[in-house]
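Engineer: Pasting structure36.cif below, which is mmCIF, C-alpha atoms and all ligand atoms.
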data_start
loop_
_atom_site.label_atom_id
_atom_site.label_comp_id
_atom_site.auth_asym_id
_atom_site.auth_seq_id
_atom_site.Cartn_x
_atom_site.Cartn_y
_atom_site.Cartn_z
CA MET L 931 -2.87 -26.45 21.34
CA THR L 932 -4.42 -23.32 22.92
CA GLU L 933 -6.64 -20.79 21.19
CA LEU L 934 -4.50 -17.79 20.27
CA SER L 935 -5.62 -14.16 20.39
CA LEU L 936 -5.70 -12.35 17.06
CA ARG L 937 -2.71 -10.23 18.10
CA ASP L 938 -0.61 -13.28 19.03
CA ALA L 939 -1.60 -15.01 15.81
CA GLN L 940 -0.52 -11.96 13.80
CA ARG L 941 2.84 -11.90 15.60
CA LEU L 942 3.40 -15.59 14.98
CA VAL L 943 2.51 -15.29 11.29
CA LEU L 944 4.73 -12.25 10.74
CA ALA L 945 7.63 -13.99 12.50
CA HIS L 946 7.45 -16.61 9.73
CA CYS L 947 7.11 -14.12 6.87
CA ALA L 948 10.45 -12.36 6.52
CA PRO L 949 10.87 -10.59 3.17
CA LEU L 950 11.54 -12.82 0.17
CA SER L 951 14.58 -12.33 -2.05
CA SER L 952 14.95 -9.12 -4.03
CA THR L 953 15.27 -8.41 -7.71
CA THR L 954 15.92 -5.36 -9.90
CA LEU L 955 13.24 -3.80 -12.09
CA PRO L 956 13.24 -0.91 -14.56
CA LEU L 957 11.93 2.14 -12.72
CA GLN L 958 8.78 2.34 -14.85
CA TYR L 959 7.73 -1.14 -13.67
CA GLY L 960 8.40 -0.40 -10.01
CA TYR L 961 4.98 1.07 -9.19
CA GLY L 962 3.40 -0.67 -6.21
CA ARG L 963 6.49 -2.73 -5.43
CA VAL L 964 8.38 -2.51 -2.14
CA LEU L 965 11.89 -1.10 -2.17
CA ALA L 966 14.53 -3.61 -1.02
CA ALA L 967 17.22 -1.00 -0.25
CA SER L 968 17.19 2.66 0.77
CA LEU L 969 18.12 4.86 -2.19
CA LYS L 970 20.06 8.09 -1.71
CA SER L 971 20.26 11.30 -3.63
CA THR L 972 23.12 11.24 -6.12
CA ARG L 973 23.11 14.96 -6.91
CA PRO L 974 22.00 18.19 -5.29
CA LYS L 975 18.40 19.30 -5.97
CA PRO L 976 18.23 21.48 -7.93
CA SER L 977 21.45 20.51 -9.68
CA TYR L 978 22.07 24.14 -10.75
CA SER L 979 20.84 27.51 -9.51
CA GLN L 980 17.69 28.24 -11.46
CA SER L 981 15.13 30.96 -12.06
CA THR L 982 11.64 30.48 -10.63
CA ARG L 983 10.08 33.15 -12.89
CA ASP L 984 10.07 34.25 -16.50
CA GLY L 985 11.92 37.57 -16.24
CA PHE L 986 15.35 39.20 -16.30
CA ALA L 987 18.53 37.99 -14.62
CA VAL L 988 19.98 41.05 -12.91
CA PRO L 989 23.50 41.66 -11.47
CA GLY L 990 24.24 43.40 -8.18
CA VAL L 991 23.31 47.10 -8.03
CA SER L 992 25.07 49.74 -5.93
CA ALA L 993 23.34 51.58 -3.08
CA ALA L 994 23.77 54.84 -5.05
CA GLU L 995 21.86 53.45 -8.06
CA LEU L 996 19.08 52.26 -5.79
CA ARG L 997 18.43 55.83 -4.61
CA ASP L 998 16.77 56.53 -8.02
CA ARG L 999 13.17 55.37 -8.62
CA ALA L 1000 14.31 52.96 -11.34
CA VAL L 1001 17.50 51.55 -12.85
CA THR L 1002 18.06 51.10 -16.59
CA PHE L 1003 19.97 48.03 -17.86
CA ARG L 1004 21.13 46.85 -21.27
CA LEU L 1005 19.68 43.55 -22.55
CA THR L 1006 22.60 41.35 -23.68
CA GLY L 1007 21.27 37.79 -24.01
CA GLU L 1008 18.61 35.17 -23.53
CA ILE L 1009 18.59 32.03 -21.37
CA ALA L 1010 15.97 29.40 -22.09
CA ALA L 1011 15.43 26.28 -19.95
CA GLY L 1012 18.11 23.94 -21.27
CA THR L 1013 20.67 26.63 -22.17
CA LEU L 1014 23.88 25.05 -20.89
CA GLU L 1015 26.28 27.99 -20.65
CA SER L 1016 25.34 31.63 -20.82
CA GLY L 1017 28.49 33.38 -19.61
CA ALA L 1018 28.50 35.98 -16.85
CA LEU L 1019 26.41 39.15 -16.47
CA ALA L 1020 28.40 42.28 -17.18
CA PRO L 1021 27.80 45.29 -14.86
CA GLY L 1022 24.68 47.21 -15.96
CA CYS L 1023 23.50 44.37 -18.20
CA VAL L 1024 20.60 41.88 -17.85
CA MET L 1025 19.65 38.70 -19.69
CA ARG L 1026 16.17 37.46 -20.44
CA ILE L 1027 15.60 34.20 -18.51
CA MET L 1028 12.84 31.57 -18.52
CA THR L 1029 11.49 29.67 -15.52
CA GLY L 1030 13.87 26.79 -14.87
CA GLY L 1031 16.72 28.47 -16.78
CA MET L 1032 20.22 28.39 -15.26
CA VAL L 1033 21.03 31.76 -13.73
CA PRO L 1034 24.23 33.25 -15.21
CA ARG L 1035 27.30 33.99 -13.11
CA ARG L 1036 27.15 37.33 -11.20
CA CYS L 1037 23.32 37.20 -11.24
CA GLU L 1038 21.94 38.31 -7.87
CA ARG L 1039 18.24 38.14 -8.59
CA VAL L 1040 15.59 37.54 -11.22
CA VAL L 1041 12.95 40.23 -11.68
CA PRO L 1042 9.66 38.97 -13.22
CA PHE L 1043 8.71 40.43 -16.64
CA GLU L 1044 5.57 42.06 -15.29
CA ASP L 1045 7.64 44.33 -13.01
CA CYS L 1046 9.92 45.58 -15.82
CA HIS L 1047 9.55 47.96 -18.72
CA GLU L 1048 11.29 46.89 -21.93
CA GLU L 1049 12.24 49.42 -24.67
CA GLY L 1050 14.28 47.80 -27.43
CA GLU L 1051 17.67 46.97 -25.89
CA ARG L 1052 16.87 48.80 -22.67
CA VAL L 1053 15.16 47.30 -19.63
CA VAL L 1054 13.94 49.66 -16.92
CA ILE L 1055 13.45 48.07 -13.50
CA PRO L 1056 11.92 49.90 -10.50
CA ALA L 1057 14.26 50.17 -7.49
CA SER L 1058 11.56 48.59 -5.30
CA ALA L 1059 11.83 45.37 -7.38
CA LEU L 1060 15.63 45.43 -6.92
CA ARG L 1061 15.34 45.74 -3.14
CA ARG L 1062 12.92 42.85 -2.67
CA GLN L 1063 13.71 40.07 -0.21
CA GLN L 1064 12.54 37.47 -2.73
CA THR L 1065 15.22 36.83 -5.39
CA PHE L 1066 13.27 34.29 -7.54
CA ILE L 1067 16.37 32.09 -7.62
CA ARG L 1068 16.25 28.48 -6.39
CA LYS L 1069 19.85 27.88 -5.36
CA LYS L 1070 21.72 24.71 -6.29
CA GLY L 1071 21.23 22.12 -3.50
CA SER L 1072 18.71 24.28 -1.61
CA VAL L 1073 16.00 21.58 -1.69
CA MET L 1074 18.24 18.64 -0.88
CA GLY L 1075 21.95 17.88 -0.75
CA ARG L 1076 23.76 14.83 -2.12
CA GLY L 1077 23.73 11.54 -0.11
CA ARG L 1078 20.39 11.99 1.67
CA VAL L 1079 17.94 9.05 1.80
CA LEU L 1080 15.30 9.71 -0.87
CA VAL L 1081 13.15 6.61 -0.40
CA SER L 1082 13.74 4.10 2.36
CA ARG L 1083 13.68 0.34 2.26
CA GLY L 1084 10.21 -1.05 2.94
CA THR L 1085 8.43 1.78 1.12
CA ARG L 1086 5.79 0.90 -1.45
CA LEU L 1087 6.79 2.82 -4.59
CA GLN L 1088 4.36 5.52 -5.68
CA PRO L 1089 4.66 7.78 -8.75
CA ASP L 1090 6.05 10.59 -6.55
CA HIS L 1091 8.93 8.35 -5.48
CA SER L 1092 9.61 7.40 -9.10
CA LEU L 1093 9.86 11.07 -10.04
CA LEU L 1094 12.37 11.68 -7.26
CA LEU L 1095 14.41 8.62 -8.19
CA ALA L 1096 14.41 9.46 -11.91
CA GLU L 1097 15.63 12.98 -11.11
CA ASN L 1098 18.53 11.37 -9.29
CA GLY L 1099 19.57 9.26 -12.24
CA TYR L 1100 18.00 5.96 -11.14
CA HIS L 1101 16.57 3.92 -13.98
CA GLU L 1102 16.34 0.65 -12.04
CA VAL L 1103 15.06 -0.13 -8.55
CA PRO L 1104 15.78 -3.00 -6.16
CA VAL L 1105 12.44 -4.47 -5.07
CA TYR L 1106 11.34 -7.52 -3.12
CA ARG L 1107 9.94 -10.46 -5.00
CA ARG L 1108 6.19 -10.88 -4.84
CA PRO L 1109 4.95 -14.07 -3.17
CA ARG L 1110 3.51 -16.82 -5.37
CA VAL L 1111 0.13 -17.68 -3.87
CA TRP L 1112 -2.01 -20.76 -4.54
CA LEU L 1113 -5.66 -21.10 -3.60
CA LEU L 1114 -7.47 -24.37 -2.93
CA CYS L 1115 -11.14 -24.59 -1.93
CA THR L 1116 -12.29 -27.83 -0.35
CA GLY L 1117 -15.86 -29.09 0.04
CA SER L 1118 -17.87 -31.87 -1.62
CA GLU L 1119 -20.75 -29.42 -2.11
CA LEU L 1120 -18.69 -26.97 -4.19
CA VAL L 1121 -19.18 -26.16 -7.86
CA LYS L 1122 -16.86 -23.83 -9.79
CA PRO L 1123 -18.37 -20.37 -10.53
CA GLY L 1124 -20.48 -20.61 -13.68
CA GLY L 1125 -21.30 -24.29 -13.09
CA GLU L 1126 -24.82 -25.66 -12.65
CA ILE L 1127 -25.80 -26.32 -9.04
CA LEU L 1128 -28.09 -29.05 -7.77
CA PRO L 1129 -29.90 -28.89 -4.41
CA GLY L 1130 -27.27 -29.27 -1.67
CA GLN L 1131 -24.48 -27.85 -3.81
CA LYS L 1132 -22.90 -24.40 -3.58
CA ILE L 1133 -20.89 -22.14 -5.83
CA SER L 1134 -17.30 -21.90 -4.61
CA GLY L 1135 -17.56 -18.18 -3.95
CA ASN L 1136 -14.44 -18.21 -1.78
CA SER L 1137 -12.27 -18.73 -4.84
CA VAL L 1138 -13.44 -15.50 -6.52
CA LEU L 1139 -13.57 -13.60 -3.22
CA LEU L 1140 -9.96 -14.49 -2.42
CA SER L 1141 -8.58 -14.19 -5.94
CA GLY L 1142 -10.20 -10.74 -6.17
CA LEU L 1143 -8.75 -9.63 -2.83
CA LEU L 1144 -5.32 -10.94 -3.84
CA GLU L 1145 -5.55 -9.16 -7.18
CA ALA L 1146 -6.55 -5.89 -5.46
CA ASP L 1147 -3.58 -6.25 -3.13
CA GLY L 1148 -1.21 -6.62 -6.09
CA THR L 1149 -0.25 -10.23 -5.47
CA GLY L 1150 -2.57 -12.26 -7.66
CA CYS L 1151 -2.78 -16.04 -7.29
CA GLU L 1152 -3.22 -19.37 -9.01
CA VAL L 1153 -6.54 -21.07 -8.31
CA ALA L 1154 -6.71 -24.88 -8.12
CA ASP L 1155 -9.95 -26.72 -8.90
CA PRO L 1156 -12.11 -27.32 -5.79
CA VAL L 1157 -11.67 -30.75 -4.21
CA PRO L 1158 -14.20 -32.88 -2.30
CA ASP L 1159 -13.93 -33.62 1.43
CA GLU L 1160 -11.80 -36.74 0.96
CA ALA L 1161 -8.39 -37.02 2.54
CA GLY L 1162 -6.88 -38.64 -0.56
CA ALA L 1163 -8.19 -35.96 -2.92
CA ILE L 1164 -7.13 -33.09 -0.66
CA GLY L 1165 -3.67 -34.63 -0.13
CA SER L 1166 -2.99 -35.10 -3.80
CA ALA L 1167 -4.27 -31.60 -4.66
CA ILE L 1168 -1.89 -30.11 -2.08
CA ARG L 1169 1.03 -32.25 -3.26
CA GLY L 1170 0.36 -31.06 -6.82
CA ILE L 1171 0.38 -27.43 -5.69
CA LEU L 1172 3.62 -27.90 -3.72
CA GLN L 1173 5.34 -29.01 -6.92
CA GLN L 1174 4.66 -25.52 -8.31
CA GLU L 1175 6.82 -24.09 -5.48
CA PRO L 1176 4.42 -21.55 -4.03
CA ASP L 1177 5.39 -19.26 -1.18
CA VAL L 1178 1.90 -19.28 0.32
CA LEU L 1179 -0.98 -21.76 0.17
CA VAL L 1180 -4.48 -20.68 1.20
CA THR L 1181 -7.19 -23.30 1.59
CA THR L 1182 -10.82 -22.84 2.60
CA GLY L 1183 -13.27 -25.28 4.19
CA GLY L 1184 -12.80 -28.44 6.17
CA MET L 1185 -11.63 -26.73 9.37
CA GLY L 1186 -14.64 -27.48 11.58
CA PRO L 1187 -15.01 -30.31 14.10
CA GLY L 1188 -17.21 -32.44 11.81
CA LYS L 1189 -16.59 -35.87 10.37
CA PHE L 1190 -15.77 -34.43 6.94
CA ASP L 1191 -13.41 -31.70 8.16
CA LEU L 1192 -10.07 -33.13 7.18
CA ILE L 1193 -7.65 -30.31 6.52
CA GLU L 1194 -5.64 -30.52 9.74
CA GLN L 1195 -5.38 -34.31 9.43
CA VAL L 1196 -4.14 -34.09 5.84
CA PHE L 1197 -1.75 -31.28 6.77
CA GLN L 1198 -0.21 -33.48 9.50
CA GLU L 1199 0.00 -36.47 7.13
CA LEU L 1200 1.94 -34.34 4.65
CA GLY L 1201 4.46 -33.54 7.40
CA GLY L 1202 3.17 -30.02 8.07
CA GLN L 1203 4.10 -28.10 11.22
CA VAL L 1204 0.98 -26.56 12.81
CA LEU L 1205 1.65 -23.16 14.45
CA TYR L 1206 -1.94 -22.51 15.52
CA ASN L 1207 -5.20 -24.32 14.86
CA SER L 1208 -7.77 -22.17 16.61
CA LEU L 1209 -8.22 -18.45 17.38
CA ARG L 1210 -10.06 -16.50 20.08
CA VAL L 1211 -12.07 -14.57 17.45
CA ARG L 1212 -15.63 -14.84 16.12
CA PRO L 1213 -16.14 -15.60 13.36
CA GLY L 1214 -12.96 -17.26 12.23
CA LYS L 1215 -12.04 -19.43 15.20
CA ALA L 1216 -11.68 -22.59 13.09
CA THR L 1217 -8.47 -21.77 11.23
CA LEU L 1218 -4.92 -23.04 11.00
CA PHE L 1219 -1.54 -21.59 10.15
CA GLY L 1220 1.48 -23.77 9.60
CA LEU L 1221 4.45 -24.64 7.45
CA LEU L 1222 4.75 -27.32 4.81
CA GLY L 1223 8.50 -27.16 4.32
CA ARG L 1224 9.02 -23.48 3.52
CA VAL L 1225 5.46 -22.93 2.28
CA ARG L 1226 3.33 -20.83 4.63
CA CYS L 1227 -0.14 -22.37 4.78
CA PHE L 1228 -3.34 -20.66 5.85
CA ALA L 1229 -6.27 -23.05 6.24
CA LEU L 1230 -9.32 -20.81 6.45
CA PRO L 1231 -12.78 -22.08 7.36
CA GLY L 1232 -15.56 -22.39 4.78
CA PRO L 1233 -18.01 -19.54 5.49
CA PRO L 1234 -17.13 -16.56 3.23
CA PRO L 1235 -17.61 -13.90 5.99
CA ALA L 1236 -14.95 -15.63 8.10
CA VAL L 1237 -12.71 -16.03 5.03
CA ARG L 1238 -12.87 -12.30 4.32
CA LEU L 1239 -12.02 -11.28 7.91
CA LEU L 1240 -9.17 -13.77 8.26
CA TYR L 1241 -7.79 -12.75 4.90
CA HIS L 1242 -7.54 -9.09 5.92
CA GLU L 1243 -6.27 -9.77 9.44
CA LEU L 1244 -3.76 -12.55 8.77
CA VAL L 1245 -3.18 -13.46 5.12
CA ALA L 1246 -2.83 -9.92 3.72
CA PRO L 1247 -0.37 -8.84 6.48
CA ALA L 1248 1.67 -12.00 5.80
CA LEU L 1249 1.82 -11.19 2.08
CA ARG L 1250 2.81 -7.59 2.80
CA SER L 1251 5.55 -8.77 5.13
CA LEU L 1252 6.87 -11.24 2.52
CA GLN L 1253 7.03 -8.33 0.06
CA GLY L 1254 9.09 -6.34 2.55
CA PHE L 1255 6.53 -3.79 3.78
CA SER L 1256 7.81 -2.20 6.95
CA ARG L 1257 4.25 -1.89 8.38
CA PRO L 1258 2.26 -4.94 7.28
CA LEU L 1259 -0.70 -4.78 9.70
CA PRO L 1260 -3.89 -2.94 8.70
CA LEU L 1261 -4.25 0.67 9.77
CA ARG L 1262 -6.16 0.95 13.07
CA VAL L 1263 -8.36 4.00 13.54
CA ARG L 1264 -11.41 5.08 15.54
CA ALA L 1265 -14.73 6.08 13.99
CA TRP L 1266 -18.30 6.95 14.89
CA LEU L 1267 -20.91 4.23 14.57
CA SER L 1268 -23.83 5.35 12.40
CA GLU L 1269 -26.10 2.42 13.32
CA SER L 1270 -26.43 0.45 16.53
CA LEU L 1271 -25.27 -3.17 16.68
CA CYS L 1272 -25.37 -6.15 19.01
CA LEU L 1273 -22.63 -8.69 19.74
CA ARG L 1274 -23.16 -12.32 20.71
CA GLY L 1275 -19.86 -13.96 21.63
CA GLN L 1276 -18.23 -12.99 24.93
CA GLY L 1277 -14.63 -13.40 26.07
CA VAL L 1278 -13.41 -13.46 22.49
CA MET L 1279 -12.68 -10.78 19.93
CA ASN L 1280 -15.75 -10.11 17.81
CA MET L 1281 -15.00 -8.95 14.26
CA LYS L 1282 -17.50 -7.51 11.83
CA GLY L 1283 -17.10 -6.57 8.18
CA ALA L 1284 -18.03 -2.89 7.89
CA VAL L 1285 -18.33 0.09 5.59
CA ALA L 1286 -16.42 3.24 6.56
CA THR L 1287 -17.23 6.60 4.95
CA LEU L 1288 -16.35 10.24 5.47
CA GLN L 1289 -19.35 12.34 6.48
CA ASP L 1290 -18.81 16.06 7.11
CA GLY L 1291 -15.11 15.34 7.60
CA ARG L 1292 -15.70 12.61 10.20
CA LEU L 1293 -14.97 8.92 9.77
CA VAL L 1294 -18.28 7.10 10.18
CA VAL L 1295 -18.79 3.34 10.12
CA ARG L 1296 -21.60 0.80 10.07
CA GLN L 1297 -21.80 -2.96 9.91
CA ALA L 1298 -21.81 -4.15 6.28
CA GLY L 1299 -24.93 -5.67 4.77
CA PHE L 1300 -24.56 -8.60 2.39
CA GLN L 1301 -24.57 -6.32 -0.69
CA ASP L 1302 -21.92 -3.95 0.63
CA ARG L 1303 -18.25 -3.73 -0.27
CA VAL L 1304 -16.39 -4.24 2.98
CA ASN L 1305 -13.60 -1.69 3.50
CA ALA L 1306 -13.24 -1.89 7.27
CA ILE L 1307 -13.26 -4.45 10.03
CA LEU L 1308 -14.82 -3.55 13.35
CA LEU L 1309 -12.97 -5.07 16.30
CA PHE L 1310 -14.66 -5.53 19.68
CA SER L 1311 -12.69 -7.03 22.53
CA GLY L 1312 -14.48 -5.72 25.64
CA ARG L 1313 -17.49 -7.07 27.53
CA LYS L 1314 -19.97 -4.55 26.16
CA LYS L 1315 -22.76 -6.22 24.15
CA THR L 1316 -24.69 -3.34 22.64
CA TYR L 1317 -23.22 -0.41 20.75
CA ARG L 1318 -25.39 2.55 19.77
CA ALA L 1319 -25.25 5.05 16.92
CA GLY L 1320 -22.80 7.79 17.97
CA ASP L 1321 -20.49 5.48 19.98
CA THR L 1322 -16.86 5.55 18.91
CA VAL L 1323 -15.40 2.21 17.91
CA SER L 1324 -12.08 0.79 16.79
CA LEU L 1325 -11.60 -0.52 13.26
CA HIS L 1326 -9.06 -1.67 10.73
CA LEU L 1327 -9.19 0.09 7.37
CA VAL L 1328 -8.73 -2.58 4.72
CA GLY L 1329 -9.84 -0.81 1.55
CA PRO L 1330 -10.43 2.63 0.04
CA LEU L 1331 -13.11 4.72 1.76
CA ALA L 1332 -16.57 4.23 0.30
N1 LIG N 1401 -20.65 -28.86 16.11
C1 LIG N 1401 -19.94 -27.80 15.67
N2 LIG N 1401 -20.12 -27.38 14.42
C2 LIG N 1401 -19.43 -26.34 13.97
C3 LIG N 1401 -18.52 -25.66 14.80
C4 LIG N 1401 -18.33 -26.14 16.12
O1 LIG N 1401 -17.54 -25.60 16.90
N3 LIG N 1401 -19.07 -27.21 16.50
N4 LIG N 1401 -17.82 -24.60 14.32
C5 LIG N 1401 -18.46 -23.87 13.26
C6 LIG N 1401 -17.54 -22.90 12.70
S1 LIG N 1401 -17.10 -21.63 13.64
C7 LIG N 1401 -17.14 -22.95 11.41
S2 LIG N 1401 -16.28 -21.67 10.71
C8 LIG N 1401 -17.44 -24.08 10.57
C9 LIG N 1401 -16.16 -24.60 9.99
O2 LIG N 1401 -16.45 -24.89 8.76
P1 LIG N 1401 -15.45 -25.61 7.77
O3 LIG N 1401 -14.17 -24.89 7.70
O4 LIG N 1401 -15.37 -27.05 8.10
O5 LIG N 1401 -16.20 -25.37 6.43
P2 LIG N 1401 -17.30 -26.24 5.78
O6 LIG N 1401 -18.01 -27.07 6.78
O7 LIG N 1401 -16.65 -26.94 4.65
O8 LIG N 1401 -18.24 -25.11 5.25
C10 LIG N 1401 -18.92 -24.23 6.07
C11 LIG N 1401 -19.85 -23.38 5.20
O9 LIG N 1401 -19.10 -22.62 4.28
C12 LIG N 1401 -19.49 -22.93 2.95
N5 LIG N 1401 -18.33 -22.96 2.05
C13 LIG N 1401 -17.30 -23.80 2.14
N6 LIG N 1401 -16.42 -23.56 1.16
C14 LIG N 1401 -16.93 -22.57 0.41
C15 LIG N 1401 -16.51 -21.91 -0.77
N7 LIG N 1401 -15.35 -22.22 -1.38
N8 LIG N 1401 -17.25 -20.92 -1.25
C16 LIG N 1401 -18.42 -20.59 -0.64
N9 LIG N 1401 -18.88 -21.20 0.47
C17 LIG N 1401 -18.16 -22.17 0.98
C18 LIG N 1401 -20.06 -24.31 3.07
O10 LIG N 1401 -20.87 -24.64 2.00
C19 LIG N 1401 -20.78 -24.24 4.37
O11 LIG N 1401 -22.01 -23.59 4.24
O12 LIG N 1401 -18.01 -25.11 11.26
C20 LIG N 1401 -19.06 -24.74 12.16
N10 LIG N 1401 -19.63 -25.90 12.68
O1 LIG N 1402 -14.38 -20.42 12.53
MO1 LIG N 1402 -15.94 -19.96 12.30
O2 LIG N 1402 -15.33 -19.07 10.99
O3 LIG N 1402 -15.86 -18.96 13.79
O4 LIG N 1402 -17.23 -18.96 11.93
#
Give the structure from the file, written as structure tokens.

Structural biologist:
Amino acid sequence: MTELSLRDAQRLVLAHCAPLSSTTLPLQYGYGRVLAASLKSTRPKPSYSQSTRDGFAVPGVSAAELRDRAVTFRLTGEIAAGTLESGALAPGCVMRIMTGGMVPRRCERVVPFEDCHEEGERVVIPASALRRQQTFIRKKGSVMGRGRVLVSRGTRLQPDHSLLLAENGYHEVPVYRRPRVWLLCTGSELVKPGGEILPGQKISGNSVLLSGLLEADGTGCEVADPVPDEAGAIGSAIRGILQQEPDVLVTTGGMGPGKFDLIEQVFQELGGQVLYNSLRVRPGKATLFGLLGRVRCFALPGPPPAVRLLYHELVAPALRSLQGFSRPLPLRVRAWLSESLCLRGQGVMNMKGAVATLQDGRLVVRQAGFQDRVNAILLFSGRKKTYRAGDTVSLHLVGPLA
């Protein structure tokens, strides 16, 4: 099997991650979920002609009346927001109206309070206010007509979408099912977080790194206990997980060329179909993607830096695609390097965890140190070995800006 480029690996993964089935949720639980059907407007917006100011609803005025400096009207009623029927304006009469109130029939404009002079039942309005272009009326259907797409399929629902949908009478939304993800860390040296470690042992940091990333991405996961580098133990752990009917299985460790690196062997023994088993990227070359029945399996290598990069570049896009996102790959942008850096590998794509920030309105990036929160991945595919502060570079944004 040949080493795939990152791009080809992403294509292959996405080709095997069509959206899962859909379900219906109450609108208030839809936040963050991906819409499984485009939803259309069911009524004009606004649904009635409404006032955009607190003021007076005024009928048409003749050209003769407008020759005077001001026109005097009789106040005949009051329209609050929520008043359902207010009748029509009689000639020479106005009604008090609140912002959002339904304008009465024969109303041609609303004049804001501050422009009018009120004396008991009389309202005096300057002719200049009656000649204004601006009518302070938002006409029925002027924002949007009926039958227009409000939110399209593949959109991740945000509160603004929910507002729009609620205004159109939706109280339920069709959304894609979220994938069920299982995590299995392999390695005889591993101890669960919190456990005591002896020389030669390591805390299984990958489990908390990945479960945290999955939680942040809204998927969550089930974490199996770490298993030693023994084919029997790995096989039975995977069989146990398959009984839980996951959509995705992510393993870490055991992907190298060493004597104790058994994942690919076990995967084959379980009848798995390998789709790639090596990538032209550093770090992260030692990784596998395949299918165990209908379960998509990502076997990531052991070192946490490689795990993090492969998660963002391959696993997270797969999960977004399974949830129906129309654009599952990370956002690619260019930024200024704030510190120089050197690359080692040649002829492969070099990836580096990085921290992107906004400085004076510019996107600036530097390689992450071990204490940093990685929110970007620098991608280098050319021959150049040294990059200096001030060079522009390409990156994937994978988290909120620092
Ligand atoms: N002779 C060669 N040796 C290695 C090669 C090679 O081409 N020739 N490739 C290297 C590359 S690249 C990688 S990546 C690793 C592959 O490693 P494995 O996937 O087999 O992972 P392990 O050997 O089990 O562990 C590597 C490293 O990561 C630590 N680790 C493992 N699991 C966890 C965990 N859950 N949490 C935290 N840390 C973990 C492990 O203790 C090791 O330090 O092989 C290279 N070798
Ligand atoms: O596969 Mo390794 O992760 O290149 O570092």

Engineer: Have a look at CA of Ser935 in chain L and atom O2 of ligand LIG 1402 (chain N) and let me know their distance in Å, one decimal.

Structural biologist: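 So the answer is 14.4 Å.
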
Engineer: For Thr1085 in chain L, which residue out of L:Leu1293, L:Leu965, L:Met1032, L:Ala1167 is the nearest one, using all atoms listed in the file?

Structural biologist: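 Residue with the minimum atom-to-atom distance to Thr1085 in chain L: L:Leu965.
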
Engineer: Could you list, as a PDB file with C-alpha atoms, in the coordinates of the input, every residue within 12 Å of range 1219-1221 of chain L, counting all atoms listed in the file and ignoring same-chain residues fewer than 6 positions away?

Structural biologist:
ATOM      1  CA  LEU L 934      -4.500 -17.790  20.270  1.00  0.00           C
ATOM      2  CA  ALA L 939      -1.600 -15.010  15.810  1.00  0.00           C
ATOM      3  CA  GLN L 940      -0.520 -11.960  13.800  1.00  0.00           C
ATOM      4  CA  ARG L 941       2.840 -11.900  15.600  1.00  0.00           C
ATOM      5  CA  LEU L 942       3.400 -15.590  14.980  1.00  0.00           C
ATOM      6  CA  VAL L 943       2.510 -15.290  11.290  1.00  0.00           C
ATOM      7  CA  LEU L 944       4.730 -12.250  10.740  1.00  0.00           C
ATOM      8  CA  ALA L 945       7.630 -13.990  12.500  1.00  0.00           C
ATOM      9  CA  HIS L 946       7.450 -16.610   9.730  1.00  0.00           C
ATOM     10  CA  CYS L 947       7.110 -14.120   6.870  1.00  0.00           C
ATOM     11  CA  LEU L1172       3.620 -27.900  -3.720  1.00  0.00           C
ATOM     12  CA  PRO L1176       4.420 -21.550  -4.030  1.00  0.00           C
ATOM     13  CA  ASP L1177       5.390 -19.260  -1.180  1.00  0.00           C
ATOM     14  CA  VAL L1178       1.900 -19.280   0.320  1.00  0.00           C
ATOM     15  CA  LEU L1179      -0.980 -21.760   0.170  1.00  0.00           C
ATOM     16  CA  VAL L1180      -4.480 -20.680   1.200  1.00  0.00           C
ATOM     17  CA  THR L1181      -7.190 -23.300   1.590  1.00  0.00           C
ATOM     18  CA  MET L1185     -11.630 -26.730   9.370  1.00  0.00           C
ATOM     19  CA  ILE L1193      -7.650 -30.310   6.520  1.00  0.00           C
ATOM     20  CA  GLU L1194      -5.640 -30.520   9.740  1.00  0.00           C
ATOM     21  CA  PHE L1197      -1.750 -31.280   6.770  1.00  0.00           C
ATOM     22  CA  GLN L1198      -0.210 -33.480   9.500  1.00  0.00           C
ATOM     23  CA  LEU L1200       1.940 -34.340   4.650  1.00  0.00           C
ATOM     24  CA  GLY L1201       4.460 -33.540   7.400  1.00  0.00           C
ATOM     25  CA  GLY L1202       3.170 -30.020   8.070  1.00  0.00           C
ATOM     26  CA  GLN L1203       4.100 -28.100  11.220  1.00  0.00           C
ATOM     27  CA  VAL L1204       0.980 -26.560  12.810  1.00  0.00           C
ATOM     28  CA  LEU L1205       1.650 -23.160  14.450  1.00  0.00           C
ATOM     29  CA  TYR L1206      -1.940 -22.510  15.520  1.00  0.00           C
ATOM     30  CA  ASN L1207      -5.200 -24.320  14.860  1.00  0.00           C
ATOM     31  CA  SER L1208      -7.770 -22.170  16.610  1.00  0.00           C
ATOM     32  CA  LEU L1209      -8.220 -18.450  17.380  1.00  0.00           C
ATOM     33  CA  CYS L1227      -0.140 -22.370   4.780  1.00  0.00           C
ATOM     34  CA  PHE L1228      -3.340 -20.660   5.850  1.00  0.00           C
ATOM     35  CA  ALA L1229      -6.270 -23.050   6.240  1.00  0.00           C
ATOM     36  CA  LEU L1230      -9.320 -20.810   6.450  1.00  0.00           C
ATOM     37  CA  PRO L1231     -12.780 -22.080   7.360  1.00  0.00           C
ATOM     38  CA  LEU L1240      -9.170 -13.770   8.260  1.00  0.00           C
ATOM     39  CA  LEU L1244      -3.760 -12.550   8.770  1.00  0.00           C
ATOM     40  CA  VAL L1245      -3.180 -13.460   5.120  1.00  0.00           C
ATOM     41  CA  ALA L1248       1.670 -12.000   5.800  1.00  0.00           C
TER      42      ALA L1248
END
